[in-house]
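Enquirer: So that you have it, the file is upload25.tsv, and it contains TSV, C-alpha atoms:
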```
chain	number	residue	atom	x	y	z
B	1	MET	CA	7.64	33.51	7.24
B	2	LYS	CA	9.02	33.43	3.69
B	3	PRO	CA	9.15	30.16	1.73
B	4	GLY	CA	12.31	28.26	2.52
B	5	GLY	CA	12.73	30.24	5.73
B	6	GLU	CA	13.80	28.75	9.02
B	7	ALA	CA	11.32	27.39	11.57
B	8	ARG	CA	11.66	26.42	15.20
B	9	GLY	CA	12.81	22.84	15.54
B	10	ALA	CA	14.44	22.72	12.11
B	11	ARG	CA	18.16	23.40	12.41
B	12	GLY	CA	20.43	24.87	9.77
B	13	GLU	CA	19.73	26.79	6.58
B	14	GLY	CA	18.99	25.76	3.03
B	15	PRO	CA	16.04	24.52	0.99
B	16	ARG	CA	12.65	24.23	2.60
B	17	LYS	CA	12.22	21.07	4.61
B	18	LEU	CA	9.41	18.73	3.53
B	19	GLY	CA	8.46	15.34	4.94
B	20	LEU	CA	6.05	12.42	4.57
B	21	CYS	CA	4.94	10.44	7.63
B	22	VAL	CA	3.13	7.11	7.25
B	23	LEU	CA	0.75	6.51	10.15
B	24	CYS	CA	-0.25	2.85	10.13
B	25	GLY	CA	-2.03	0.27	12.28
B	26	LEU	CA	-5.23	-1.74	12.51
B	27	PRO	CA	-8.63	-0.12	11.92
B	28	ALA	CA	-9.88	1.60	15.11
B	29	ALA	CA	-6.39	1.61	16.62
B	30	GLY	CA	-6.77	5.34	17.29
B	31	LYS	CA	-4.81	6.63	14.28
B	32	SER	CA	-7.13	9.51	13.37
B	33	THR	CA	-7.29	10.84	16.94
B	34	PHE	CA	-3.53	10.49	17.26
B	35	ALA	CA	-2.99	12.29	13.93
B	36	ARG	CA	-5.16	15.25	14.93
B	37	THR	CA	-3.42	15.57	18.30
B	38	LEU	CA	0.03	15.26	16.74
B	39	SER	CA	-0.79	17.80	14.03
B	40	HIS	CA	-1.98	20.36	16.56
B	41	ARG	CA	1.03	19.84	18.80
B	42	LEU	CA	3.57	20.15	15.97
B	43	ARG	CA	2.00	23.41	14.85
B	44	GLN	CA	2.03	24.81	18.37
B	45	GLU	CA	5.39	23.52	19.62
B	46	GLN	CA	7.48	23.37	16.44
B	47	GLY	CA	5.88	25.99	14.24
B	48	TRP	CA	5.58	23.49	11.39
B	49	THR	CA	2.89	23.30	8.74
B	50	VAL	CA	1.15	19.94	9.07
B	51	GLY	CA	-1.42	18.31	6.83
B	52	VAL	CA	-3.24	15.06	7.64
B	53	VAL	CA	-4.58	13.01	4.75
B	54	ALA	CA	-6.91	10.40	6.23
B	55	TYR	CA	-7.59	7.77	3.58
B	56	ASP	CA	-10.92	6.81	5.18
B	57	ASP	CA	-12.17	10.39	4.75
B	58	VAL	CA	-11.16	10.65	1.08
B	59	MET	CA	-11.54	7.21	-0.52
B	60	PRO	CA	-14.66	5.28	0.61
B	61	ASP	CA	-17.31	7.94	0.04
B	62	ALA	CA	-16.01	8.63	-3.44
B	63	PHE	CA	-16.39	5.01	-4.44
B	64	LEU	CA	-19.64	4.36	-2.63
B	65	GLU	CA	-21.31	7.30	-4.37
B	66	GLU	CA	-20.22	6.17	-7.84
B	67	ALA	CA	-20.51	2.40	-7.56
B	68	GLY	CA	-22.95	1.84	-4.72
B	69	ALA	CA	-20.73	-0.76	-3.02
B	70	ARG	CA	-17.38	-1.15	-1.35
B	71	PRO	CA	-14.56	-1.68	-3.87
B	72	LEU	CA	-12.85	-5.02	-4.41
B	73	PRO	CA	-9.23	-5.44	-3.24
B	74	SER	CA	-7.84	-4.82	-6.75
B	75	GLN	CA	-9.93	-1.63	-7.00
B	76	TRP	CA	-8.77	-0.50	-3.56
B	77	LYS	CA	-5.20	-0.78	-4.82
B	78	LEU	CA	-5.94	1.44	-7.80
B	79	LEU	CA	-7.72	3.99	-5.60
B	80	ARG	CA	-4.79	4.06	-3.17
B	81	GLN	CA	-2.36	4.66	-6.02
B	82	GLU	CA	-4.60	7.40	-7.41
B	83	LEU	CA	-4.75	9.13	-4.02
B	84	LEU	CA	-0.96	9.01	-3.79
B	85	GLU	CA	-0.87	10.77	-7.18
B	86	TYR	CA	-3.03	13.53	-5.69
B	87	VAL	CA	-0.53	13.88	-2.85
B	88	GLU	CA	2.26	14.13	-5.41
B	89	HIS	CA	0.41	16.93	-7.26
B	90	PHE	CA	0.18	18.89	-4.02
B	91	LEU	CA	3.85	18.32	-3.18
B	92	LEU	CA	4.90	19.44	-6.66
B	93	ALA	CA	2.96	22.67	-6.23
B	94	VAL	CA	4.65	23.28	-2.86
B	95	ILE	CA	8.12	22.43	-4.17
B	96	ASN	CA	7.75	24.64	-7.25
B	97	GLY	CA	5.86	27.43	-5.49
B	98	ARG	CA	2.98	27.44	-7.96
B	99	GLN	CA	-0.71	26.59	-8.22
B	100	MET	CA	-1.78	22.97	-7.87
B	101	SER	CA	-3.25	21.51	-11.05
B	102	ALA	CA	-5.86	18.76	-11.17
B	103	PRO	CA	-4.84	15.38	-12.68
B	104	THR	CA	-6.33	14.68	-16.09
B	105	ASN	CA	-7.51	11.22	-15.07
B	106	ARG	CA	-9.19	11.36	-11.69
B	107	THR	CA	-12.12	10.00	-9.72
B	108	GLU	CA	-14.09	13.22	-9.43
B	109	ALA	CA	-15.70	12.60	-6.03
B	110	MET	CA	-12.41	11.43	-4.51
B	111	TRP	CA	-10.55	14.41	-5.94
B	112	GLU	CA	-13.15	16.79	-4.49
B	113	ASP	CA	-12.82	15.14	-1.07
B	114	PHE	CA	-9.03	15.50	-1.30
B	115	ILE	CA	-9.35	19.21	-2.15
B	116	THR	CA	-11.78	19.69	0.76
B	117	CYS	CA	-9.31	17.91	3.07
B	118	LEU	CA	-6.55	20.39	2.14
B	119	LYS	CA	-8.86	23.43	2.32
B	120	ASP	CA	-10.09	22.46	5.79
B	121	GLN	CA	-6.47	22.48	6.99
B	122	ASP	CA	-5.72	25.87	5.39
B	123	LEU	CA	-3.37	24.37	2.80
B	124	LEU	CA	-5.46	25.41	-0.23
B	125	SER	CA	-7.27	28.69	-0.66
B	126	SER	CA	-11.06	28.70	-0.74
B	127	ALA	CA	-10.75	31.28	-3.52
B	128	ALA	CA	-9.07	28.72	-5.77
B	129	LEU	CA	-9.33	28.98	-9.56
B	130	GLU	CA	-11.46	25.85	-9.74
B	131	ALA	CA	-12.93	26.75	-13.14
B	132	GLN	CA	-9.43	26.32	-14.58
B	133	SER	CA	-8.83	23.18	-12.49
B	134	SER	CA	-6.12	25.04	-10.58
B	135	TYR	CA	-5.88	25.59	-6.84
B	136	LEU	CA	-4.01	28.32	-5.00
B	137	LEU	CA	-1.74	27.42	-2.09
B	138	THR	CA	-2.25	29.37	1.13
B	139	LYS	CA	0.46	31.25	3.01
B	140	THR	CA	0.35	28.42	5.53
B	141	ALA	CA	1.18	25.85	2.85
B	142	ILE	CA	4.28	27.73	1.68
B	143	SER	CA	5.64	28.74	5.09
B	144	GLY	CA	8.18	26.84	7.14
B	145	PRO	CA	8.79	23.08	7.29
B	146	LEU	CA	5.87	21.01	6.01
B	147	PHE	CA	4.92	17.49	7.08
B	148	LEU	CA	2.15	15.48	5.44
B	149	ILE	CA	0.82	12.67	7.65
B	150	LEU	CA	-0.82	9.87	5.64
B	151	ASP	CA	-3.32	8.13	7.91
B	152	ASP	CA	-4.31	4.61	6.80
B	153	ASN	CA	-3.94	0.95	7.78
B	154	PHE	CA	-0.93	0.40	5.47
B	155	TYR	CA	-0.90	-3.19	6.69
B	156	TYR	CA	1.38	-4.44	3.91
B	157	GLN	CA	5.00	-3.30	3.77
B	158	SER	CA	4.62	-2.81	0.00
B	159	MET	CA	1.90	-0.17	0.61
B	160	ARG	CA	4.28	1.88	2.73
B	161	TYR	CA	7.13	1.39	0.28
B	162	GLU	CA	5.12	3.28	-2.36
B	163	VAL	CA	5.13	6.32	-0.07
B	164	TYR	CA	8.86	5.89	0.53
B	165	GLN	CA	9.40	5.87	-3.26
B	166	LEU	CA	7.55	9.19	-3.49
B	167	ALA	CA	9.75	10.65	-0.76
B	168	ARG	CA	12.86	9.40	-2.57
B	169	LYS	CA	11.67	10.83	-5.90
B	170	TYR	CA	11.62	14.38	-4.49
B	171	SER	CA	14.26	13.98	-1.74
B	172	LEU	CA	11.76	14.41	1.10
B	173	GLY	CA	12.02	13.34	4.70
B	174	PHE	CA	10.33	9.99	5.41
B	175	CYS	CA	9.28	8.22	8.60
B	176	GLN	CA	6.70	5.74	9.90
B	177	LEU	CA	4.58	5.62	13.04
B	178	PHE	CA	2.95	2.30	13.89
B	179	LEU	CA	0.11	2.41	16.42
B	180	ASP	CA	0.19	-0.87	18.32
B	181	CYS	CA	-3.28	-1.64	19.64
B	182	SER	CA	-4.71	-4.98	20.76
B	183	LEU	CA	-7.13	-6.74	18.45
B	184	GLU	CA	-9.75	-6.83	21.20
B	185	THR	CA	-9.62	-3.06	21.67
B	186	CYS	CA	-9.84	-2.43	17.92
B	187	LEU	CA	-12.86	-4.73	17.60
B	188	ARG	CA	-14.61	-3.04	20.53
B	189	ARG	CA	-13.98	0.45	19.16
B	190	ASN	CA	-15.01	-0.56	15.67
B	191	GLY	CA	-18.29	-1.96	17.00
B	192	GLN	CA	-19.12	1.49	18.42
B	193	ARG	CA	-18.72	3.24	15.06
B	194	LEU	CA	-21.68	4.25	12.89
B	195	ARG	CA	-19.97	2.79	9.81
B	196	ALA	CA	-18.28	-0.19	11.36
B	197	LEU	CA	-16.12	-2.52	9.32
B	198	PRO	CA	-17.00	-6.24	9.31
B	199	ALA	CA	-15.20	-7.89	12.24
B	200	GLU	CA	-13.71	-10.47	9.85
B	201	THR	CA	-11.97	-7.66	7.94
B	202	ILE	CA	-10.14	-6.56	11.08
B	203	HIS	CA	-9.30	-10.17	11.96
B	204	MET	CA	-7.86	-10.60	8.46
B	205	MET	CA	-5.73	-7.47	8.75
B	206	ALA	CA	-4.49	-8.56	12.17
B	207	ARG	CA	-3.28	-11.84	10.66
B	208	LYS	CA	-1.61	-10.20	7.69
B	209	ILE	CA	-0.28	-6.91	9.06
B	210	GLU	CA	3.45	-6.40	8.48
B	211	GLU	CA	4.83	-4.08	11.13
B	212	PRO	CA	7.79	-1.83	10.24
B	213	ASN	CA	10.97	-3.87	10.45
B	214	PRO	CA	14.08	-1.61	10.37
B	215	GLU	CA	16.41	-4.57	10.92
B	216	LYS	CA	15.17	-6.28	7.77
B	217	ASN	CA	14.35	-3.24	5.61
B	218	ALA	CA	16.94	-0.47	5.57
B	219	TRP	CA	14.42	2.02	4.18
B	220	GLU	CA	12.27	1.59	7.33
B	221	HIS	CA	14.99	2.78	9.73
B	222	ASN	CA	13.02	5.94	10.58
B	223	SER	CA	10.19	4.07	12.29
B	224	LEU	CA	8.63	4.12	15.74
B	225	THR	CA	6.04	1.88	17.40
B	226	VAL	CA	3.64	3.77	19.67
B	227	GLN	CA	1.41	1.98	22.14
B	228	SER	CA	-2.28	2.79	21.84
B	229	PRO	CA	-4.52	3.95	23.51
B	230	ALA	CA	-2.16	5.47	26.10
B	231	CYS	CA	0.08	7.03	23.48
B	232	SER	CA	-0.26	10.81	23.45
B	233	SER	CA	1.91	12.33	26.17
B	234	GLU	CA	4.38	9.52	26.85
B	235	ALA	CA	5.49	9.16	23.22
B	236	SER	CA	5.59	12.88	22.38
B	237	PRO	CA	9.37	13.47	22.69
B	238	GLU	CA	10.20	10.29	20.74
B	239	VAL	CA	7.70	11.13	18.00
B	240	THR	CA	9.01	14.68	17.65
B	241	ASP	CA	12.59	13.43	17.48
B	242	LEU	CA	11.64	10.93	14.77
B	243	LEU	CA	9.94	13.58	12.64
B	244	LEU	CA	12.77	16.05	13.14
B	245	THR	CA	15.33	13.41	12.16
B	246	ALA	CA	13.34	12.70	8.99
B	247	LEU	CA	13.22	16.40	8.09
B	248	GLU	CA	16.93	16.85	8.70
B	249	ASN	CA	17.84	13.74	6.71
B	250	PRO	CA	15.76	13.61	3.51
B	251	VAL	CA	15.86	10.42	1.48
B	252	LYS	CA	18.56	10.58	-1.17
B	253	TYR	CA	17.37	10.03	-4.71
B	254	VAL	CA	20.41	7.87	-5.52
B	255	GLU	CA	20.72	5.24	-2.82
B	256	ASP	CA	23.66	2.98	-2.12
B	257	ASN	CA	23.54	0.14	-4.66
B	258	MET	CA	23.70	-2.66	-2.10
B	259	GLU	CA	20.93	-1.13	-0.05
B	260	GLN	CA	18.76	-0.61	-3.12
B	261	LYS	CA	19.33	-4.17	-4.32
B	262	GLU	CA	18.29	-5.51	-0.93
B	263	THR	CA	15.19	-3.31	-0.92
B	264	ASP	CA	14.22	-4.44	-4.41
B	265	ARG	CA	14.72	-8.07	-3.39
B	266	ILE	CA	12.40	-7.67	-0.40
B	267	VAL	CA	9.73	-5.89	-2.41
B	268	CYS	CA	9.94	-8.57	-5.11
B	269	SER	CA	9.63	-11.39	-2.57
B	270	THR	CA	6.48	-9.85	-1.11
B	271	SER	CA	4.73	-9.34	-4.42
B	272	ILE	CA	1.88	-11.72	-5.23
B	273	LEU	CA	3.31	-12.38	-8.68
B	274	HIS	CA	6.62	-13.60	-7.32
B	275	GLN	CA	4.94	-15.70	-4.62
B	276	ALA	CA	2.54	-17.18	-7.16
B	277	ASP	CA	5.41	-18.11	-9.49
B	278	GLN	CA	7.28	-19.94	-6.73
B	279	THR	CA	4.16	-21.69	-5.42
B	280	LEU	CA	2.87	-22.80	-8.82
B	281	ARG	CA	6.30	-24.21	-9.70
B	282	ARG	CA	6.15	-26.38	-6.56
B	283	ILE	CA	2.61	-27.51	-7.39
B	284	VAL	CA	3.62	-28.55	-10.91
B	285	SER	CA	6.67	-30.38	-9.61
B	286	GLN	CA	4.65	-32.24	-6.97
B	287	THR	CA	1.95	-33.11	-9.52
B	288	MET	CA	4.50	-34.60	-11.91
B	289	LYS	CA	5.94	-36.71	-9.09
B	290	GLU	CA	2.47	-38.03	-8.26
B	291	ALA	CA	1.83	-38.81	-11.93
B	292	LYS	CA	5.03	-40.86	-12.06
B	293	ASP	CA	3.91	-42.74	-8.95
B	294	GLU	CA	0.68	-43.54	-10.83
B	295	GLN	CA	2.93	-45.06	-13.54
B	296	VAL	CA	1.79	-42.70	-16.29
B	297	PRO	CA	3.85	-43.57	-19.44
B	298	PRO	CA	6.82	-41.30	-20.30
B	299	TYR	CA	5.17	-39.93	-23.44
B	300	ASN	CA	2.03	-38.97	-21.52
B	301	LEU	CA	4.18	-37.52	-18.74
B	302	LYS	CA	5.79	-35.27	-21.33
B	303	LEU	CA	2.40	-34.09	-22.57
B	304	LEU	CA	1.18	-33.55	-19.01
B	305	ALA	CA	4.25	-31.48	-18.14
B	306	GLU	CA	3.71	-29.33	-21.24
B	307	GLU	CA	0.06	-28.69	-20.36
B	308	LEU	CA	0.80	-27.85	-16.72
B	309	ASN	CA	3.65	-25.50	-17.58
B	310	LYS	CA	1.46	-23.81	-20.17
B	311	LEU	CA	-1.29	-23.40	-17.57
B	312	LYS	CA	1.21	-21.96	-15.07
B	313	ALA	CA	2.53	-19.48	-17.65
B	314	GLU	CA	-1.02	-18.39	-18.54
B	315	PHE	CA	-1.91	-17.87	-14.86
B	316	LEU	CA	1.17	-15.71	-14.28
B	317	GLU	CA	0.51	-13.68	-17.41
B	318	ASP	CA	-3.08	-13.30	-16.26
B	319	LEU	CA	-1.85	-11.78	-13.00
B	320	ARG	CA	0.49	-9.41	-14.86
B	321	GLN	CA	-2.26	-8.23	-17.19
B	322	GLY	CA	-4.86	-7.65	-14.49
B	323	ASN	CA	-6.88	-10.86	-14.38
B	324	LYS	CA	-8.49	-10.96	-17.82
B	325	LYS	CA	-8.87	-14.67	-18.44
B	326	TYR	CA	-8.72	-17.23	-15.62
B	327	LEU	CA	-9.13	-14.89	-12.66
B	328	CYS	CA	-11.74	-12.50	-14.01
B	329	PHE	CA	-14.46	-14.10	-11.88
B	330	GLN	CA	-12.41	-14.14	-8.69
B	331	GLN	CA	-13.41	-11.66	-6.00
B	332	THR	CA	-9.89	-11.05	-4.72
B	333	ASN	CA	-6.24	-11.08	-5.72
B	334	GLU	CA	-5.20	-12.97	-2.59
B	335	LEU	CA	-2.53	-15.62	-3.24
B	336	SER	CA	-4.65	-18.34	-1.61
B	337	ASP	CA	-7.44	-17.73	-4.14
B	338	VAL	CA	-5.03	-17.84	-7.08
B	339	ILE	CA	-3.58	-21.13	-5.85
B	340	SER	CA	-7.01	-22.61	-5.18
B	341	PHE	CA	-8.21	-21.82	-8.70
B	342	PHE	CA	-4.96	-23.14	-10.20
B	343	HIS	CA	-5.49	-26.43	-8.35
B	344	TYR	CA	-9.00	-26.62	-9.81
B	345	LYS	CA	-7.75	-26.16	-13.39
B	346	LYS	CA	-4.73	-28.40	-12.80
B	347	ASP	CA	-6.85	-31.26	-11.46
B	348	SER	CA	-9.05	-31.26	-14.57
B	349	ILE	CA	-5.92	-31.66	-16.72
B	350	VAL	CA	-4.35	-34.37	-14.57
B	351	GLN	CA	-7.58	-36.34	-14.44
B	352	LYS	CA	-7.42	-36.97	-18.20
B	353	TYR	CA	-4.03	-38.68	-17.96
B	354	ILE	CA	-4.77	-40.62	-14.78
B	355	LEU	CA	-8.08	-41.80	-16.26
B	356	LYS	CA	-6.32	-42.97	-19.44
B	357	GLN	CA	-3.84	-44.89	-17.37
B	358	HIS	CA	-6.55	-46.61	-15.30
B	359	LEU	CA	-8.55	-47.56	-18.41
B	360	LYS	CA	-5.61	-49.62	-19.65
B	361	PHE	CA	-5.96	-52.02	-16.75
```
Would you write out, as structure tokens, the structure that this file holds?
Expert:
Amino acid sequence: MKPGGEARGARGEGPRKLGLCVLCGLPAAGKSTFARTLSHRLRQEQGWTVGVVAYDDVMPDAFLEEAGARPLPSQWKLLRQELLEYVEHFLLAVINGRQMSAPTNRTEAMWEDFITCLKDQDLLSSAALEAQSSYLLTKTAISGPLFLILDDNFYYQSMRYEVYQLARKYSLGFCQLFLDCSLETCLRRNGQRLRALPAETIHMMARKIEEPNPEKNAWEHNSLTVQSPACSSEASPEVTDLLLTALENPVKYVEDNMEQKETDRIVCSTSILHQADQTLRRIVSQTMKEAKDEQVPPYNLKLLAEELNKLKAEFLEDLRQGNKKYLCFQQTNELSDVISFFHYKKDSIVQKYILKQHLKF
């Protein structure tokens, strides 16, 4: 089939249909098995080209080989963003009908695993021009509708929104599949794996996971929750319809202003920086009230307020700049840790003024 040609299950004529599908859920929910089954079925029944990018197969080994340990949360975020850049390089090659070039800045082991992932699915040629850091697309990669399934936990809505932004950038189809599996089942399956995650990691994700919410987020309207483990045959028609709808209705680059404003508001409200700003403001306000109750003189109250607001501003700037000053020794970017460390620094400031006040009596 020629590039841009018609395929079974994709109605109408026009540009080649491309889509991104986010497959999310808890670790050991059955995502990888589901992705393989879905990929095979879509090739057989719909005649589509399907590629599965399993984050667990591409990211961990690359980092473990180079650093000898699992990455910290902030490093995971950078690795995830880097992997999404790799996906974009592949999509650009498909869209433009040319060779895929290697990014200038890349984690070599992770890039090699990504290339292997595409080769194993007959999307890149084994006879690629690797000496020139270029990779040839296969006939499979340039034929018919193409869906890339990104298989990861994606437990925060903001993680999935990054994929949606990529789909919007190139006017691709976009949809989400959430595998709903009980925590007990995930823990049992995880315990049977050779490289099992710590149980507390899965418990943490279960507490924090943000399932797709089409009613709240307009950009998540192409979403489907699939029950796991009994998910293969029963959900097949619904899953196919979802993917077909995404292909037939690519995300428009220019969205309705009201919808975009609402999306931006939601993304902003979920960011750690915004949450930290709101929380630290409340802490400063409550601290000043307590200082007044301790009858700290007005002049000292003014100095205290100036010090606390300066501390708050420095903490927020620290978050923006990547934790260079106050948070450089923290092992995570979780909001609770930021707040805890702010309380520690705040208390040392407040103690000076409270102690001065008590010494007067």
Enquirer: Name the closest residue to Val50 (chain B) among the candidates B:Ser126, B:Gln176, B:Thr37, B:Thr116; distances are taken between atoms, counting only C-alpha atoms.
Expert: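 Closest residue, counting only C-alpha atoms: B:Thr37.
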Enquirer: Do a neighbour search on Ala141 (chain B) at 7 Å with all atoms listed in the file, toss out local chain neighbours closer than 4 positions, and write the hits as JSON, numbers by chain.
Expert: {"B": [49, 123, 137]}
Enquirer: How far is it from CA of Thr107 (chain B) to CA of Gly25 (chain B), in Å with one decimal?
Expert: 26.1 Å
Enquirer: Just how far from CA of Leu166 (chain B) is CA of Leu79 (chain B), in Å to one decimal?
Expert: 16.3 Å
Enquirer: Which polymer residues, whether protein, DNA or RNA, lie within 8 Å of the coordinate (10.3, 0.8, 1.7) when you count all atoms listed in the file? List them as a count of residues only, using the chain letters and numbers from the file.
Expert: 14
Enquirer: Here is a test: counting only C-alpha atoms, which residue of B:Asp337, B:Glu215, B:Asp152, B:Glu306 is nearest to Ala35 (chain B)?
Expert: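 Ranking B:Asp337, B:Glu215, B:Asp152, B:Glu306 by distance to Ala35 (chain B), first place goes to B:Asp152.
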Enquirer: Interatomic distance between CA of Asp122 (chain B) and CA of Leu136 (chain B)?
Expert: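 We find that CA of Asp122 (chain B) and CA of Leu136 (chain B) lie 10.8 Å from each other.
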Enquirer: I'd like the neighbourhood of Leu91 (chain B) as a PDB file with C-alpha atoms, keeping the file's coordinate frame, where a residue qualifies if any of its atoms comes within 12 Å (using all atoms listed in the file), though same-chain residues fewer than 2 positions away should be ignored.
Expert:
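Dumped to out_37.pdb:
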```pdb
ATOM      1  CA  LYS B  17      12.220  21.070   4.610  1.00  0.00           C
ATOM      2  CA  LEU B  18       9.410  18.730   3.530  1.00  0.00           C
ATOM      3  CA  GLY B  19       8.460  15.340   4.940  1.00  0.00           C
ATOM      4  CA  LEU B  20       6.050  12.420   4.570  1.00  0.00           C
ATOM      5  CA  GLY B  51      -1.420  18.310   6.830  1.00  0.00           C
ATOM      6  CA  LEU B  84      -0.960   9.010  -3.790  1.00  0.00           C
ATOM      7  CA  GLU B  85      -0.870  10.770  -7.180  1.00  0.00           C
ATOM      8  CA  TYR B  86      -3.030  13.530  -5.690  1.00  0.00           C
ATOM      9  CA  VAL B  87      -0.530  13.880  -2.850  1.00  0.00           C
ATOM     10  CA  GLU B  88       2.260  14.130  -5.410  1.00  0.00           C
ATOM     11  CA  HIS B  89       0.410  16.930  -7.260  1.00  0.00           C
ATOM     12  CA  ALA B  93       2.960  22.670  -6.230  1.00  0.00           C
ATOM     13  CA  VAL B  94       4.650  23.280  -2.860  1.00  0.00           C
ATOM     14  CA  ILE B  95       8.120  22.430  -4.170  1.00  0.00           C
ATOM     15  CA  ASN B  96       7.750  24.640  -7.250  1.00  0.00           C
ATOM     16  CA  GLY B  97       5.860  27.430  -5.490  1.00  0.00           C
ATOM     17  CA  ARG B  98       2.980  27.440  -7.960  1.00  0.00           C
ATOM     18  CA  GLN B  99      -0.710  26.590  -8.220  1.00  0.00           C
ATOM     19  CA  MET B 100      -1.780  22.970  -7.870  1.00  0.00           C
ATOM     20  CA  SER B 101      -3.250  21.510 -11.050  1.00  0.00           C
ATOM     21  CA  LEU B 118      -6.550  20.390   2.140  1.00  0.00           C
ATOM     22  CA  LEU B 123      -3.370  24.370   2.800  1.00  0.00           C
ATOM     23  CA  LEU B 137      -1.740  27.420  -2.090  1.00  0.00           C
ATOM     24  CA  ALA B 141       1.180  25.850   2.850  1.00  0.00           C
ATOM     25  CA  ILE B 142       4.280  27.730   1.680  1.00  0.00           C
ATOM     26  CA  LEU B 146       5.870  21.010   6.010  1.00  0.00           C
ATOM     27  CA  PHE B 147       4.920  17.490   7.080  1.00  0.00           C
ATOM     28  CA  LEU B 148       2.150  15.480   5.440  1.00  0.00           C
ATOM     29  CA  LEU B 166       7.550   9.190  -3.490  1.00  0.00           C
ATOM     30  CA  ALA B 167       9.750  10.650  -0.760  1.00  0.00           C
ATOM     31  CA  LYS B 169      11.670  10.830  -5.900  1.00  0.00           C
ATOM     32  CA  TYR B 170      11.620  14.380  -4.490  1.00  0.00           C
ATOM     33  CA  SER B 171      14.260  13.980  -1.740  1.00  0.00           C
ATOM     34  CA  LEU B 172      11.760  14.410   1.100  1.00  0.00           C
TER      35      LEU B 172
END
```
Enquirer: If you count all atoms listed in the file, which residues fall within 8 Å of Ala291 (chain B), apart from same-chain ones fewer than 4 positions away, as a PDB file with C-alpha atoms, in the coordinates of the input?
Expert:
```pdb
ATOM      1  CA  THR B 287       1.950 -33.110  -9.520  1.00  0.00           C
ATOM      2  CA  GLN B 295       2.930 -45.060 -13.540  1.00  0.00           C
ATOM      3  CA  VAL B 296       1.790 -42.700 -16.290  1.00  0.00           C
ATOM      4  CA  LEU B 301       4.180 -37.520 -18.740  1.00  0.00           C
ATOM      5  CA  ILE B 354      -4.770 -40.620 -14.780  1.00  0.00           C
TER       6      ILE B 354
END
```
Enquirer: Looking at only C-alpha atoms, which of B:Ile202, B:Phe154, B:Ala102, B:Phe315 is the one that sits closest to Arg188 (chain B)?
Expert: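 That would be B:Ile202, the residue with the smallest distance to Arg188 (chain B).
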Enquirer: Return the single residue from B:Arg207, B:Thr225, B:Val251, B:Thr245 that is closest to Arg168 (chain B), with distances computed using only C-alpha atoms.
Expert: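 Residue with the minimum atom-to-atom distance to Arg168 (chain B): B:Val251.
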Enquirer: Which residue is closest to Ala246 (chain B)? Choose from B:Ala313, B:Cys21, B:Ala305, B:Ala54 and count all atoms listed in the file.
Expert: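 Smallest distance to Ala246 (chain B) is found for B:Cys21.
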Enquirer: Which of these residues is nearest to Pro250 (chain B), using only C-alpha atoms: B:Asn190, B:Arg16, B:Ser32, B:Ser134?
Expert: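 Comparing B:Asn190, B:Arg16, B:Ser32, B:Ser134 against Pro250 (chain B), the winner is B:Arg16.
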Enquirer: Counting only C-alpha atoms, what is within 10 Å of region 278-283 of chain B, bar same-chain residues fewer than 4 positions away, as a PDB file with C-alpha atoms, in the frame of the given file?
Expert:
```pdb
ATOM      1  CA  SER B 269       9.630 -11.390  -2.570  1.00  0.00           C
ATOM      2  CA  ILE B 272       1.880 -11.720  -5.230  1.00  0.00           C
ATOM      3  CA  LEU B 273       3.310 -12.380  -8.680  1.00  0.00           C
ATOM      4  CA  HIS B 274       6.620 -13.600  -7.320  1.00  0.00           C
ATOM      5  CA  THR B 287       1.950 -33.110  -9.520  1.00  0.00           C
ATOM      6  CA  MET B 288       4.500 -34.600 -11.910  1.00  0.00           C
ATOM      7  CA  LYS B 289       5.940 -36.710  -9.090  1.00  0.00           C
ATOM      8  CA  LEU B 308       0.800 -27.850 -16.720  1.00  0.00           C
ATOM      9  CA  ASN B 309       3.650 -25.500 -17.580  1.00  0.00           C
ATOM     10  CA  LEU B 311      -1.290 -23.400 -17.570  1.00  0.00           C
ATOM     11  CA  LYS B 312       1.210 -21.960 -15.070  1.00  0.00           C
ATOM     12  CA  ALA B 313       2.530 -19.480 -17.650  1.00  0.00           C
ATOM     13  CA  PHE B 315      -1.910 -17.870 -14.860  1.00  0.00           C
ATOM     14  CA  LEU B 316       1.170 -15.710 -14.280  1.00  0.00           C
ATOM     15  CA  LEU B 335      -2.530 -15.620  -3.240  1.00  0.00           C
ATOM     16  CA  VAL B 338      -5.030 -17.840  -7.080  1.00  0.00           C
ATOM     17  CA  ILE B 339      -3.580 -21.130  -5.850  1.00  0.00           C
ATOM     18  CA  PHE B 342      -4.960 -23.140 -10.200  1.00  0.00           C
ATOM     19  CA  HIS B 343      -5.490 -26.430  -8.350  1.00  0.00           C
ATOM     20  CA  LYS B 346      -4.730 -28.400 -12.800  1.00  0.00           C
TER      21      LYS B 346
END
```
